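Peer 1: My structure file protein05.csv, CSV, C-alpha atoms, is below:
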```csv
chain,number,residue,atom,x,y,z
I,1,MET,CA,-201.3,95.5,60.5
I,2,LYS,CA,-199.0,92.8,59.1
I,3,LYS,CA,-199.0,94.4,55.7
I,4,PHE,CA,-198.1,97.8,57.2
I,5,PHE,CA,-195.2,96.3,59.3
I,6,THR,CA,-193.8,94.5,56.2
I,7,ALA,CA,-194.0,97.6,54.1
I,8,THR,CA,-192.3,99.6,56.8
I,9,ILE,CA,-189.4,97.1,57.0
I,10,LEU,CA,-189.0,97.1,53.2
I,11,GLN,CA,-188.8,100.9,53.2
I,12,MET,CA,-186.2,100.9,55.9
I,13,LEU,CA,-184.0,98.4,54.2
I,14,THR,CA,-184.3,100.3,50.9
I,15,PHE,CA,-183.2,103.6,52.7
I,16,VAL,CA,-180.2,101.8,54.3
I,17,GLY,CA,-179.1,100.4,51.0
I,18,ILE,CA,-179.3,103.7,49.3
I,19,CYS,CA,-177.3,105.3,52.1
I,20,GLY,CA,-174.7,102.6,51.9
I,21,MET,CA,-174.3,103.0,48.1
I,22,PHE,CA,-174.0,106.8,48.6
I,23,SER,CA,-171.3,106.3,51.3
I,24,PHE,CA,-169.4,103.8,49.1
I,25,THR,CA,-169.5,106.2,46.2
I,26,SER,CA,-168.3,109.1,48.3
I,27,CYS,CA,-165.5,107.1,49.7
I,28,GLY,CA,-164.5,105.9,46.3
I,29,ASN,CA,-164.4,109.5,45.1
I,30,LYS,CA,-162.3,110.6,48.0
I,31,THR,CA,-159.8,107.9,47.4
I,32,THR,CA,-159.6,108.9,43.8
I,33,ALA,CA,-159.1,112.5,44.7
I,34,GLU,CA,-156.4,111.7,47.2
I,35,ALA,CA,-154.6,109.6,44.6
I,36,SER,CA,-154.9,112.5,42.1
I,37,ASP,CA,-153.5,115.0,44.6
I,38,SER,CA,-150.6,112.6,45.4
I,39,ASP,CA,-149.8,112.3,41.7
I,40,SER,CA,-149.8,116.1,41.2
I,41,VAL,CA,-147.4,116.5,44.2
I,42,PHE,CA,-145.1,113.8,42.8
I,43,MET,CA,-145.1,115.6,39.4
I,44,LEU,CA,-144.1,118.9,41.1
I,45,ASP,CA,-141.4,117.2,43.2
I,46,GLY,CA,-139.9,115.2,40.4
I,47,PRO,CA,-136.2,114.5,39.8
I,48,SER,CA,-135.6,118.0,38.3
I,49,MET,CA,-136.4,119.7,41.6
I,50,GLU,CA,-134.4,117.4,43.9
I,51,TYR,CA,-131.9,119.0,46.2
I,52,ASN,CA,-128.7,117.0,47.0
I,53,PRO,CA,-127.0,118.6,50.0
I,54,THR,CA,-124.0,116.3,49.6
I,55,GLU,CA,-123.1,117.7,46.2
I,56,HIS,CA,-123.7,121.3,47.4
I,57,ASP,CA,-121.5,120.8,50.5
I,58,GLN,CA,-118.7,119.2,48.4
I,59,LYS,CA,-118.8,122.2,46.0
I,60,MET,CA,-118.6,124.7,48.8
I,61,ASN,CA,-115.7,122.7,50.4
I,62,ASP,CA,-113.8,122.7,47.1
I,63,MET,CA,-114.2,126.5,46.8
I,64,ILE,CA,-112.9,127.0,50.3
I,65,GLN,CA,-109.9,124.9,49.7
I,66,GLU,CA,-109.2,126.5,46.3
I,67,ARG,CA,-109.3,130.0,47.9
I,68,LYS,CA,-106.4,128.8,50.2
I,69,VAL,CA,-104.5,127.5,47.2
I,70,VAL,CA,-104.9,130.8,45.3
I,71,VAL,CA,-103.6,132.9,48.2
I,72,LYS,CA,-100.7,130.4,48.9
I,73,ARG,CA,-99.8,130.4,45.3
I,74,THR,CA,-99.6,134.2,45.2
I,75,GLU,CA,-97.5,134.3,48.3
I,76,GLU,CA,-95.1,131.8,46.8
I,77,ILE,CA,-94.8,133.8,43.6
I,78,TYR,CA,-94.1,137.1,45.4
I,79,LYS,CA,-91.6,135.4,47.6
I,80,GLU,CA,-89.7,134.6,44.4
I,81,VAL,CA,-90.2,138.1,43.1
I,82,VAL,CA,-88.7,139.6,46.3
I,83,LYS,CA,-85.8,137.1,46.1
I,84,ALA,CA,-85.1,137.9,42.4
I,85,TYR,CA,-85.1,141.7,42.9
I,86,SER,CA,-83.0,141.5,46.0
I,87,SER,CA,-80.3,139.5,44.2
I,88,THR,CA,-80.2,141.3,40.9
I,89,ASP,CA,-81.3,144.9,41.7
I,90,GLY,CA,-84.1,144.3,39.3
I,91,TYR,CA,-82.1,144.1,36.1
I,92,GLY,CA,-83.7,141.5,33.9
I,93,ALA,CA,-85.7,140.0,36.7
I,94,ASP,CA,-89.1,141.0,35.2
I,95,ILE,CA,-88.6,138.9,32.0
I,96,ASP,CA,-87.7,135.7,33.9
I,97,LEU,CA,-90.5,136.2,36.4
I,98,ASP,CA,-93.0,136.7,33.5
I,99,LYS,CA,-92.0,133.5,31.9
I,100,MET,CA,-92.2,131.5,35.1
I,101,PHE,CA,-95.3,132.9,36.8
I,102,CYS,CA,-97.5,134.8,34.2
I,103,SER,CA,-100.1,133.7,31.7
I,104,ASP,CA,-99.6,133.2,28.0
I,105,ASP,CA,-101.7,136.3,27.3
I,106,TRP,CA,-99.7,138.5,29.7
I,107,ASN,CA,-96.4,137.4,28.2
I,108,LYS,CA,-97.8,138.0,24.7
I,109,THR,CA,-99.0,141.5,25.6
I,110,VAL,CA,-95.8,142.5,27.3
I,111,LYS,CA,-93.7,141.2,24.4
I,112,ALA,CA,-95.8,143.2,21.9
I,113,ALA,CA,-95.5,146.4,24.0
I,114,ARG,CA,-91.7,146.0,24.3
I,115,GLU,CA,-91.5,145.6,20.5
I,116,LYS,CA,-93.5,148.8,20.0
I,117,ASP,CA,-91.2,150.7,22.4
I,118,LYS,CA,-88.4,150.1,20.0
I,119,GLU,CA,-90.0,152.3,17.5
I,120,PHE,CA,-89.5,155.3,19.8
I,121,ASP,CA,-86.5,157.1,21.2
I,122,GLY,CA,-86.1,157.3,24.9
I,123,ILE,CA,-88.5,155.8,27.4
I,124,GLY,CA,-91.6,154.1,26.0
I,125,PHE,CA,-94.5,152.5,27.8
I,126,PHE,CA,-92.4,150.9,30.6
I,127,ASP,CA,-91.3,153.9,32.5
I,128,ALA,CA,-92.0,151.9,35.7
I,129,ASP,CA,-91.6,148.3,36.8
I,130,TYR,CA,-95.0,146.5,37.3
I,131,TRP,CA,-93.5,144.0,39.7
I,132,VAL,CA,-92.3,146.6,42.1
I,133,MET,CA,-94.8,149.4,41.1
I,134,GLY,CA,-92.1,152.0,40.8
I,135,ASN,CA,-89.1,153.4,39.0
I,136,ASP,CA,-86.6,152.6,41.8
I,137,LEU,CA,-86.0,149.7,44.1
I,138,TYR,CA,-85.2,149.9,47.8
I,139,GLU,CA,-86.2,147.7,50.7
I,140,PHE,CA,-88.7,145.8,48.5
I,141,ASP,CA,-91.2,143.4,50.1
I,142,ALA,CA,-94.7,142.1,49.9
I,143,ASP,CA,-97.3,141.2,52.6
I,144,ASN,CA,-100.9,141.3,53.7
I,145,PHE,CA,-102.1,138.8,51.2
I,146,GLN,CA,-105.9,138.6,51.1
I,147,PHE,CA,-108.3,136.6,49.0
I,148,GLU,CA,-110.7,138.7,46.9
I,149,SER,CA,-112.5,136.5,44.4
I,150,LEU,CA,-112.8,133.1,42.7
I,151,ASP,CA,-114.7,131.9,39.7
I,152,MET,CA,-114.7,128.1,39.5
I,153,ASP,CA,-117.2,128.0,36.7
I,154,SER,CA,-115.4,130.1,34.2
I,155,THR,CA,-113.2,128.6,31.5
I,156,PRO,CA,-110.4,128.9,32.5
I,157,ARG,CA,-110.9,129.4,36.2
I,158,THR,CA,-110.1,132.9,37.4
I,159,ALA,CA,-109.3,134.5,40.8
I,160,SER,CA,-107.9,137.7,42.4
I,161,VAL,CA,-105.8,138.4,45.5
I,162,LEU,CA,-105.1,141.7,47.2
I,163,LEU,CA,-101.7,142.5,48.7
I,164,ASP,CA,-99.4,145.3,49.8
I,165,LEU,CA,-96.1,146.1,48.1
I,166,HIS,CA,-93.4,147.9,50.1
I,167,ASN,CA,-90.8,149.8,48.1
I,168,CYS,CA,-88.8,153.0,48.8
I,169,GLY,CA,-90.8,153.5,52.0
I,170,ASN,CA,-94.1,153.5,50.1
I,171,VAL,CA,-97.0,151.0,50.5
I,172,SER,CA,-98.8,150.2,47.3
I,173,PRO,CA,-101.9,148.1,47.6
I,174,ILE,CA,-102.3,146.0,44.4
I,175,ARG,CA,-104.7,143.5,42.9
I,176,VAL,CA,-103.3,140.4,41.3
I,177,ASN,CA,-105.6,138.7,38.8
I,178,LEU,CA,-104.8,135.0,38.2
I,179,VAL,CA,-105.9,132.4,35.7
I,180,PHE,CA,-105.7,128.6,35.9
I,181,GLU,CA,-103.5,127.7,33.0
I,182,HIS,CA,-101.2,124.7,32.2
I,183,GLY,CA,-102.3,123.0,35.4
I,184,GLU,CA,-101.4,125.9,37.8
I,185,TRP,CA,-102.4,129.4,38.8
I,186,LYS,CA,-100.7,132.1,36.7
I,187,ILE,CA,-100.7,135.9,37.1
I,188,ASP,CA,-102.8,137.4,34.3
I,189,ASP,CA,-102.8,141.0,35.3
I,190,LEU,CA,-101.6,143.5,37.9
I,191,THR,CA,-103.4,146.6,39.1
I,192,ASP,CA,-102.0,149.5,41.2
I,193,ILE,CA,-105.0,150.4,43.3
I,194,ASN,CA,-103.7,153.8,44.4
I,195,PHE,CA,-103.3,155.0,40.9
I,196,GLU,CA,-106.1,152.9,39.3
I,197,LEU,CA,-103.4,151.6,36.9
I,198,ASP,CA,-104.5,148.3,35.3
I,199,TRP,CA,-101.2,147.2,33.6
I,200,LYS,CA,-102.6,144.8,31.1
I,201,LYS,CA,-105.5,147.1,30.1
I,202,SER,CA,-103.0,150.0,29.7
I,203,MET,CA,-100.7,147.9,27.5
I,204,LYS,CA,-103.5,146.8,25.2
I,205,GLU,CA,-104.6,150.5,24.9
I,206,TYR,CA,-101.0,151.4,24.1
I,207,LEU,CA,-100.8,148.7,21.4
I,208,ALA,CA,-104.1,149.9,19.9
I,209,GLU,CA,-102.8,153.5,19.4
```
Show me, as structure tokens, the structure contained in the file I just sent.
Peer 2:
Amino acid sequence: MKKFFTATILQMLTFVGICGMFSFTSCGNKTTAEASDSDSVFMLDGPSMEYNPTEHDQKMNDMIQERKVVVKRTEEIYKEVVKAYSSTDGYGADIDLDKMFCSDDWNKTVKAAREKDKEFDGIGFFDADYWVMGNDLYEFDADNFQFESLDMDSTPRTASVLLDLHNCGNVSPIRVNLVFEHGEWKIDDLTDINFELDWKKSMKEYLAE
């Protein structure tokens, strides 16, 4: 009886020891697996995938502010355009306005088109005035300025504004394309939306003939 009891106790202790080793090994494996999973998540969520809401919000705020600047700048330019044409009846006003408010490429293109016009008798390319979108001038004004587009990532930055020109009782909706040049927004192109007349594109086509 004593031998049987001793043997039974030894068997029980051996069984408990084996279970304990198995449990420890399992726990160890679980810890290792958890660490491995954590490492893989860290790799996926590394610095390259971080999202910084502060930088994003700042960029959006900059764009909103620049939209206002673009529209205000266009309004200021056309205020001077209306003033110039009202005081001079349009004679020579376009050349001065181009120099003050238009881009280098616009001025270069207009100059080349005027030079080509000298080769022909009579009216050449400029049978209408791009500032007033017409041949005549009467009760000229501009209003209804609306932001259309802005590209802050292009080099140089570009934007466009829509507005209405009033001349001789007619309303001409136009698109003003602007480019950020020499530290300020300059007009780079004008389009008469009613007639789908892109002035800069048309001048370049004329020069290519």
Peer 1: What would the list of residues within 10 Å of (-86.3, 145.1, 35.9) (file frame) look like as a PDB file with C-alpha atoms, in the frame of the given file, if all atoms listed in the file are what count?
Peer 2:
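Result went into out.pdb, see below:
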```pdb
ATOM      1  CA  ALA I  84     -85.100 137.900  42.400  1.00  0.00           C
ATOM      2  CA  TYR I  85     -85.100 141.700  42.900  1.00  0.00           C
ATOM      3  CA  THR I  88     -80.200 141.300  40.900  1.00  0.00           C
ATOM      4  CA  ASP I  89     -81.300 144.900  41.700  1.00  0.00           C
ATOM      5  CA  GLY I  90     -84.100 144.300  39.300  1.00  0.00           C
ATOM      6  CA  TYR I  91     -82.100 144.100  36.100  1.00  0.00           C
ATOM      7  CA  GLY I  92     -83.700 141.500  33.900  1.00  0.00           C
ATOM      8  CA  ALA I  93     -85.700 140.000  36.700  1.00  0.00           C
ATOM      9  CA  ASP I  94     -89.100 141.000  35.200  1.00  0.00           C
ATOM     10  CA  ILE I  95     -88.600 138.900  32.000  1.00  0.00           C
ATOM     11  CA  ASP I  96     -87.700 135.700  33.900  1.00  0.00           C
ATOM     12  CA  LEU I  97     -90.500 136.200  36.400  1.00  0.00           C
ATOM     13  CA  PHE I 126     -92.400 150.900  30.600  1.00  0.00           C
ATOM     14  CA  ALA I 128     -92.000 151.900  35.700  1.00  0.00           C
ATOM     15  CA  ASP I 129     -91.600 148.300  36.800  1.00  0.00           C
ATOM     16  CA  TYR I 130     -95.000 146.500  37.300  1.00  0.00           C
ATOM     17  CA  TRP I 131     -93.500 144.000  39.700  1.00  0.00           C
ATOM     18  CA  VAL I 132     -92.300 146.600  42.100  1.00  0.00           C
ATOM     19  CA  ASN I 135     -89.100 153.400  39.000  1.00  0.00           C
ATOM     20  CA  ASP I 136     -86.600 152.600  41.800  1.00  0.00           C
ATOM     21  CA  LEU I 137     -86.000 149.700  44.100  1.00  0.00           C
TER      22      LEU I 137
END
```
Peer 1: Tell me, in Å to one decimal, how far CA of Phe145 in chain I is from CA of Asp57 in chain I.
Peer 2: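 Pair CA of Phe145 in chain I / CA of Asp57 in chain I returns 26.5 Å.
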Peer 1: With distances taken over only C-alpha atoms, which residue among I:Val71, I:Cys102, I:Ile187, I:Val179 lies nearest Gln146 in chain I?
Peer 2: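 When distances to Gln146 in chain I are compared using only C-alpha atoms, the smallest one comes from I:Val71.
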Peer 1: Which neighbours of Trp185 in chain I fall inside 12 Å, counting all atoms listed in the file, when residues of the same chain fewer than 4 positions from it are skipped, and could you give them as a list in words?
Peer 2: Glu66, Arg67, Val69, Val70, Val71, Lys72, Arg73, Thr74, Glu75, Glu76, Ile77, Met100, Phe101, Cys102, Ser103, Asp104, Leu150, Pro156, Arg157, Thr158, Ala159, Ser160, Val161, Val176, Asn177, Leu178, Val179, Phe180 and Glu181 of chain I
Peer 1: Mind dumping the selected residues with C-alpha atoms as a compact mmCIF listing (two decimals), in the frame of the given file?
Peer 2:
```txt
# COMPACT_ATOMS: atom_id res chain seq x y z
CA GLU I 66 -109.20 126.50 46.30
CA ARG I 67 -109.30 130.00 47.90
CA VAL I 69 -104.50 127.50 47.20
CA VAL I 70 -104.90 130.80 45.30
CA VAL I 71 -103.60 132.90 48.20
CA LYS I 72 -100.70 130.40 48.90
CA ARG I 73 -99.80 130.40 45.30
CA THR I 74 -99.60 134.20 45.20
CA GLU I 75 -97.50 134.30 48.30
CA GLU I 76 -95.10 131.80 46.80
CA ILE I 77 -94.80 133.80 43.60
CA MET I 100 -92.20 131.50 35.10
CA PHE I 101 -95.30 132.90 36.80
CA CYS I 102 -97.50 134.80 34.20
CA SER I 103 -100.10 133.70 31.70
CA ASP I 104 -99.60 133.20 28.00
CA LEU I 150 -112.80 133.10 42.70
CA PRO I 156 -110.40 128.90 32.50
CA ARG I 157 -110.90 129.40 36.20
CA THR I 158 -110.10 132.90 37.40
CA ALA I 159 -109.30 134.50 40.80
CA SER I 160 -107.90 137.70 42.40
CA VAL I 161 -105.80 138.40 45.50
CA VAL I 176 -103.30 140.40 41.30
CA ASN I 177 -105.60 138.70 38.80
CA LEU I 178 -104.80 135.00 38.20
CA VAL I 179 -105.90 132.40 35.70
CA PHE I 180 -105.70 128.60 35.90
CA GLU I 181 -103.50 127.70 33.00
```
Peer 1: Grab the CA of Ala208 in chain I to CA of Thr155 in chain I distance for me, in Å with one decimal place.
Peer 2: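 Those two atoms sit 25.9 Å apart.
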Peer 1: Using only C-alpha atoms, which protein or nucleic acid residues come within 8 Å of range 205-207 of chain I? Drop anything in the same chain fewer than 5 positions from it, and give the result as a list in words.
Peer 2: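 What passes the distance filter is Ala112, Ala113, Lys116 and Phe125 of chain I.
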Peer 1: Go ahead and write the selection's residues with C-alpha atoms as a compact mmCIF listing (two decimals), in the frame of the given file.
Peer 2:
```
# COMPACT_ATOMS: atom_id res chain seq x y z
CA ALA I 112 -95.80 143.20 21.90
CA ALA I 113 -95.50 146.40 24.00
CA LYS I 116 -93.50 148.80 20.00
CA PHE I 125 -94.50 152.50 27.80
```
Peer 1: Starting from the point (-102.5, 145.8, 40.1), work out which residues of protein, DNA or RNA have an atom no more than 12 Å away when counting only C-alpha atoms; state them as a PyMOL selection string.
Peer 2: chain I and resi 129-133+160-165+172-178+187-202
Peer 1: From the list I:Tyr138, I:Tyr78, I:Lys204, I:Val171, which residue is nearest Val110 in chain I when using all atoms listed in the file?
Peer 2: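 Result for the nearest residue to Val110 in chain I: I:Lys204.
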Peer 1: Find the distance between CA of Asp151 in chain I and CA of Lys111 in chain I and write it in Å to one decimal.
Peer 2: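 A separation of 27.6 Å between them.
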Peer 1: Restricting the calculation to all atoms listed in the file: of I:Lys108, I:Met152, I:Lys186, I:Glu209, which residue gets closest to Asp62 in chain I?
Peer 2: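 With all atoms listed in the file as the atom set, the closest residue is I:Met152.
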Peer 1: Start from the incomplete input, build N, CA and C atoms for range 185-196 of chain I, and deliver everything as a PDB file, in the frame of the given file.
Peer 2:
```
ATOM      1  N   TRP I 185    -101.992 127.999  38.799  1.00  0.00           N
ATOM      2  CA  TRP I 185    -102.400 129.400  38.800  1.00  0.00           C
ATOM      3  C   TRP I 185    -101.306 130.289  38.304  1.00  0.00           C
ATOM      4  N   LYS I 186    -101.640 131.142  37.304  1.00  0.00           N
ATOM      5  CA  LYS I 186    -100.700 132.100  36.700  1.00  0.00           C
ATOM      6  C   LYS I 186    -101.215 133.508  36.871  1.00  0.00           C
ATOM      7  N   ILE I 187    -100.297 134.456  37.023  1.00  0.00           N
ATOM      8  CA  ILE I 187    -100.700 135.900  37.100  1.00  0.00           C
ATOM      9  C   ILE I 187    -101.072 136.329  35.681  1.00  0.00           C
ATOM     10  N   ASP I 188    -102.253 136.933  35.572  1.00  0.00           N
ATOM     11  CA  ASP I 188    -102.800 137.400  34.300  1.00  0.00           C
ATOM     12  C   ASP I 188    -102.828 138.902  34.173  1.00  0.00           C
ATOM     13  N   ASP I 189    -102.776 139.580  35.316  1.00  0.00           N
ATOM     14  CA  ASP I 189    -102.800 141.000  35.300  1.00  0.00           C
ATOM     15  C   ASP I 189    -102.438 141.578  36.674  1.00  0.00           C
ATOM     16  N   LEU I 190    -101.942 142.820  36.693  1.00  0.00           N
ATOM     17  CA  LEU I 190    -101.600 143.500  37.900  1.00  0.00           C
ATOM     18  C   LEU I 190    -102.171 144.903  37.901  1.00  0.00           C
ATOM     19  N   THR I 191    -102.752 145.316  39.022  1.00  0.00           N
ATOM     20  CA  THR I 191    -103.400 146.600  39.100  1.00  0.00           C
ATOM     21  C   THR I 191    -102.863 147.379  40.332  1.00  0.00           C
ATOM     22  N   ASP I 192    -102.331 148.579  40.112  1.00  0.00           N
ATOM     23  CA  ASP I 192    -102.000 149.500  41.200  1.00  0.00           C
ATOM     24  C   ASP I 192    -103.227 150.191  41.648  1.00  0.00           C
ATOM     25  N   ILE I 193    -103.744 149.826  42.816  1.00  0.00           N
ATOM     26  CA  ILE I 193    -105.000 150.400  43.300  1.00  0.00           C
ATOM     27  C   ILE I 193    -104.968 151.846  43.558  1.00  0.00           C
ATOM     28  N   ASN I 194    -103.863 152.320  44.125  1.00  0.00           N
ATOM     29  CA  ASN I 194    -103.700 153.800  44.400  1.00  0.00           C
ATOM     30  C   ASN I 194    -103.911 154.635  43.216  1.00  0.00           C
ATOM     31  N   PHE I 195    -103.306 154.214  42.116  1.00  0.00           N
ATOM     32  CA  PHE I 195    -103.300 155.000  40.900  1.00  0.00           C
ATOM     33  C   PHE I 195    -104.330 154.485  39.859  1.00  0.00           C
ATOM     34  N   GLU I 196    -105.089 153.469  40.244  1.00  0.00           N
ATOM     35  CA  GLU I 196    -106.100 152.900  39.300  1.00  0.00           C
ATOM     36  C   GLU I 196    -105.412 152.481  38.010  1.00  0.00           C
TER      37      GLU I 196
END
```
